[in-house]
Amino acid sequence: MKQNVANYAIARFRPYADVGEFVNVGVALICPEAKFSGYLLSSSDFPRIRAFFPEFDIRIFKSGLHSLGERLEAALSSRGLGATVSFQELVRPREGLFFFSEPSTVLCEDPAAKLKELFEHYVQRPSAVASPTAPVIETEISVG
């Protein structure tokens with residue numbers, strides 16, 4: 001099957017820009033060759049947000065996430081060259097509760113499957129307890 005070039009960026013929630021801490025909450029991906037653009041946003045990661053930012057009003061997060069979804073929908077509904085320009089505008093650096101990582105490029109046969117894979121990797125990460133790298137990290141910390 002043909003490998004297509006796709007660009008993606010990770011949507012991040014950062015309530016306190018001065019501190020710099022953030023939580024990944026979504027992924028946007030565009031693949032002009034396959035005429036695909038899409039996004040996935042977390043709709044159930046509120047315990048994680050509360051754990052990172054316990055004092056932050058979760059209603060503001062939910063409202064902001066809804067607005068981000070509307071922005072993504074509008075930007076990624078363009079086709080052809082317009083979609084690429086809209087994606088670049090969407091992910092450009094800016095201040096606010098939600099921002100995007102630097103865009104990255106990936107090869108994929110199926111852009112929708114790649115979007116899901118990226119979302120699972122960056123947003124729906126398994127806990128560190130279940131991670132196979134946790135023992136390695138613990139060993140390096142105690143030896144180092």
# chains A, B, ... in the order shown; residues from 1 in each chain; ligands from 1
$ residues_around --residues "A:Asp18" --least-positions-apart "5" --cutoff "12 Å" --atoms "only C-alpha atoms" --output "list in words"
Glu95, Gly96 and Leu97 of chain A
$ write_last_selection --atoms "N, CA and C atoms" --output "PDB file, in the first residue's frame"
ATOM      1  N   GLU A  95      -0.726  31.959  22.871  1.00  0.00           N
ATOM      2  CA  GLU A  95      -0.985  31.859  24.310  1.00  0.00           C
ATOM      3  C   GLU A  95      -2.435  31.436  24.514  1.00  0.00           C
ATOM      4  N   GLY A  96      -2.707  30.827  25.628  1.00  0.00           N
ATOM      5  CA  GLY A  96      -4.068  30.426  25.962  1.00  0.00           C
ATOM      6  C   GLY A  96      -4.069  29.140  26.761  1.00  0.00           C
ATOM      7  N   LEU A  97      -5.245  28.733  27.189  1.00  0.00           N
ATOM      8  CA  LEU A  97      -5.359  27.491  27.946  1.00  0.00           C
ATOM      9  C   LEU A  97      -4.976  26.282  27.105  1.00  0.00           C
TER      10      LEU A  97
END
$ select_by_dssp --residues "stretch 5-138 of chain A" --states "helix (DSSP H, G or I)" --output "PyMOL selection string"
chain A and resi 32-34+46-52+58-76+81-91+111-122+134-138
$ write_last_selection --atoms "C-alpha atoms" --output "PDB file, in the first residue's frame"
ATOM      1  CA  PRO A  32      -3.435  16.083   1.856  1.00  0.00           C
ATOM      2  CA  GLU A  33      -2.315  13.153  -0.358  1.00  0.00           C
ATOM      3  CA  ALA A  34      -5.143  11.006   1.017  1.00  0.00           C
ATOM      4  CA  PHE A  46     -11.025  14.838  33.897  1.00  0.00           C
ATOM      5  CA  PRO A  47      -9.406  12.851  36.749  1.00  0.00           C
ATOM      6  CA  ARG A  48      -6.018  13.424  35.119  1.00  0.00           C
ATOM      7  CA  ILE A  49      -6.687  17.162  34.797  1.00  0.00           C
ATOM      8  CA  ARG A  50      -7.800  17.266  38.445  1.00  0.00           C
ATOM      9  CA  ALA A  51      -4.663  15.381  39.501  1.00  0.00           C
ATOM     10  CA  PHE A  52      -2.344  17.806  37.691  1.00  0.00           C
ATOM     11  CA  ILE A  58     -12.989  21.763  35.687  1.00  0.00           C
ATOM     12  CA  ARG A  59     -15.964  23.604  34.148  1.00  0.00           C
ATOM     13  CA  ILE A  60     -13.544  26.052  32.519  1.00  0.00           C
ATOM     14  CA  PHE A  61     -11.557  23.110  31.135  1.00  0.00           C
ATOM     15  CA  LYS A  62     -14.705  21.465  29.711  1.00  0.00           C
ATOM     16  CA  SER A  63     -15.860  24.722  28.125  1.00  0.00           C
ATOM     17  CA  GLY A  64     -12.422  25.368  26.641  1.00  0.00           C
ATOM     18  CA  LEU A  65     -12.193  21.823  25.290  1.00  0.00           C
ATOM     19  CA  HIS A  66     -15.584  22.272  23.625  1.00  0.00           C
ATOM     20  CA  SER A  67     -14.388  25.526  22.006  1.00  0.00           C
ATOM     21  CA  LEU A  68     -11.190  23.819  20.865  1.00  0.00           C
ATOM     22  CA  GLY A  69     -13.304  21.114  19.209  1.00  0.00           C
ATOM     23  CA  GLU A  70     -15.260  23.775  17.338  1.00  0.00           C
ATOM     24  CA  ARG A  71     -12.017  25.437  16.178  1.00  0.00           C
ATOM     25  CA  LEU A  72     -10.657  22.086  15.015  1.00  0.00           C
ATOM     26  CA  GLU A  73     -13.876  21.271  13.179  1.00  0.00           C
ATOM     27  CA  ALA A  74     -13.846  24.606  11.350  1.00  0.00           C
ATOM     28  CA  ALA A  75     -10.136  24.515  10.483  1.00  0.00           C
ATOM     29  CA  LEU A  76     -10.024  20.911   9.319  1.00  0.00           C
ATOM     30  CA  LEU A  81      -4.422  23.488  -0.148  1.00  0.00           C
ATOM     31  CA  GLY A  82      -6.900  25.295   2.090  1.00  0.00           C
ATOM     32  CA  ALA A  83      -6.704  22.431   4.583  1.00  0.00           C
ATOM     33  CA  THR A  84      -2.918  22.731   4.809  1.00  0.00           C
ATOM     34  CA  VAL A  85      -3.077  26.479   5.364  1.00  0.00           C
ATOM     35  CA  SER A  86      -5.860  26.051   7.947  1.00  0.00           C
ATOM     36  CA  PHE A  87      -3.824  23.380   9.770  1.00  0.00           C
ATOM     37  CA  GLN A  88      -0.758  25.631   9.873  1.00  0.00           C
ATOM     38  CA  GLU A  89      -2.833  28.506  11.231  1.00  0.00           C
ATOM     39  CA  LEU A  90      -4.510  26.241  13.785  1.00  0.00           C
ATOM     40  CA  VAL A  91      -1.257  24.937  15.265  1.00  0.00           C
ATOM     41  CA  PRO A 111      -4.371   8.374   8.086  1.00  0.00           C
ATOM     42  CA  ALA A 112      -7.428   7.603  10.246  1.00  0.00           C
ATOM     43  CA  ALA A 113      -5.661   4.626  11.832  1.00  0.00           C
ATOM     44  CA  LYS A 114      -2.504   6.703  12.356  1.00  0.00           C
ATOM     45  CA  LEU A 115      -4.555   9.440  14.054  1.00  0.00           C
ATOM     46  CA  LYS A 116      -6.004   6.854  16.445  1.00  0.00           C
ATOM     47  CA  GLU A 117      -2.543   5.388  17.102  1.00  0.00           C
ATOM     48  CA  LEU A 118      -1.073   8.826  17.867  1.00  0.00           C
ATOM     49  CA  PHE A 119      -4.013   9.672  20.130  1.00  0.00           C
ATOM     50  CA  GLU A 120      -3.567   6.447  22.080  1.00  0.00           C
ATOM     51  CA  HIS A 121       0.183   7.059  22.402  1.00  0.00           C
ATOM     52  CA  TYR A 122       0.162  10.737  23.385  1.00  0.00           C
ATOM     53  CA  ALA A 134       9.030   1.774  34.822  1.00  0.00           C
ATOM     54  CA  PRO A 135      11.461  -0.798  36.310  1.00  0.00           C
ATOM     55  CA  VAL A 136      14.261   0.485  34.043  1.00  0.00           C
ATOM     56  CA  ILE A 137      13.650   4.065  35.119  1.00  0.00           C
ATOM     57  CA  GLU A 138      13.545   3.043  38.788  1.00  0.00           C
TER      58      GLU A 138
END
$ closest_residue --among "A:Lys35, A:Asn4, A:Arg14, A:Leu29" --to "A:Pro103" --atoms "only C-alpha atoms"
A:Leu29
$ atom_distance --atom1 "atom CA of A:Gly26" --atom2 "atom CA of A:Met1"
27.4 Å
$ residues_around --residues "A:Ala9" --least-positions-apart "3" --cutoff "6 Å" --atoms "only C-alpha atoms" --output "PyMOL selection string"
chain A and resi 27-28+100-101+103
$ write_last_selection --atoms "C-alpha atoms" --output "mmCIF file, in the first residue's frame"
data_model
loop_
_atom_site.group_PDB
_atom_site.id
_atom_site.type_symbol
_atom_site.label_atom_id
_atom_site.label_comp_id
_atom_site.auth_asym_id
_atom_site.auth_seq_id
_atom_site.Cartn_x
_atom_site.Cartn_y
_atom_site.Cartn_z
ATOM 1 C CA VAL A 27 -4.264 15.175 18.298
ATOM 2 C CA ALA A 28 -4.963 16.858 14.954
ATOM 3 C CA PHE A 100 -0.466 22.802 20.032
ATOM 4 C CA SER A 101 2.926 21.159 19.917
ATOM 5 C CA PRO A 103 3.874 19.973 13.988
#
$ atom_distance --atom1 "atom CA of A:Ser78" --atom2 "atom CA of A:Asn24"
24.6 Å
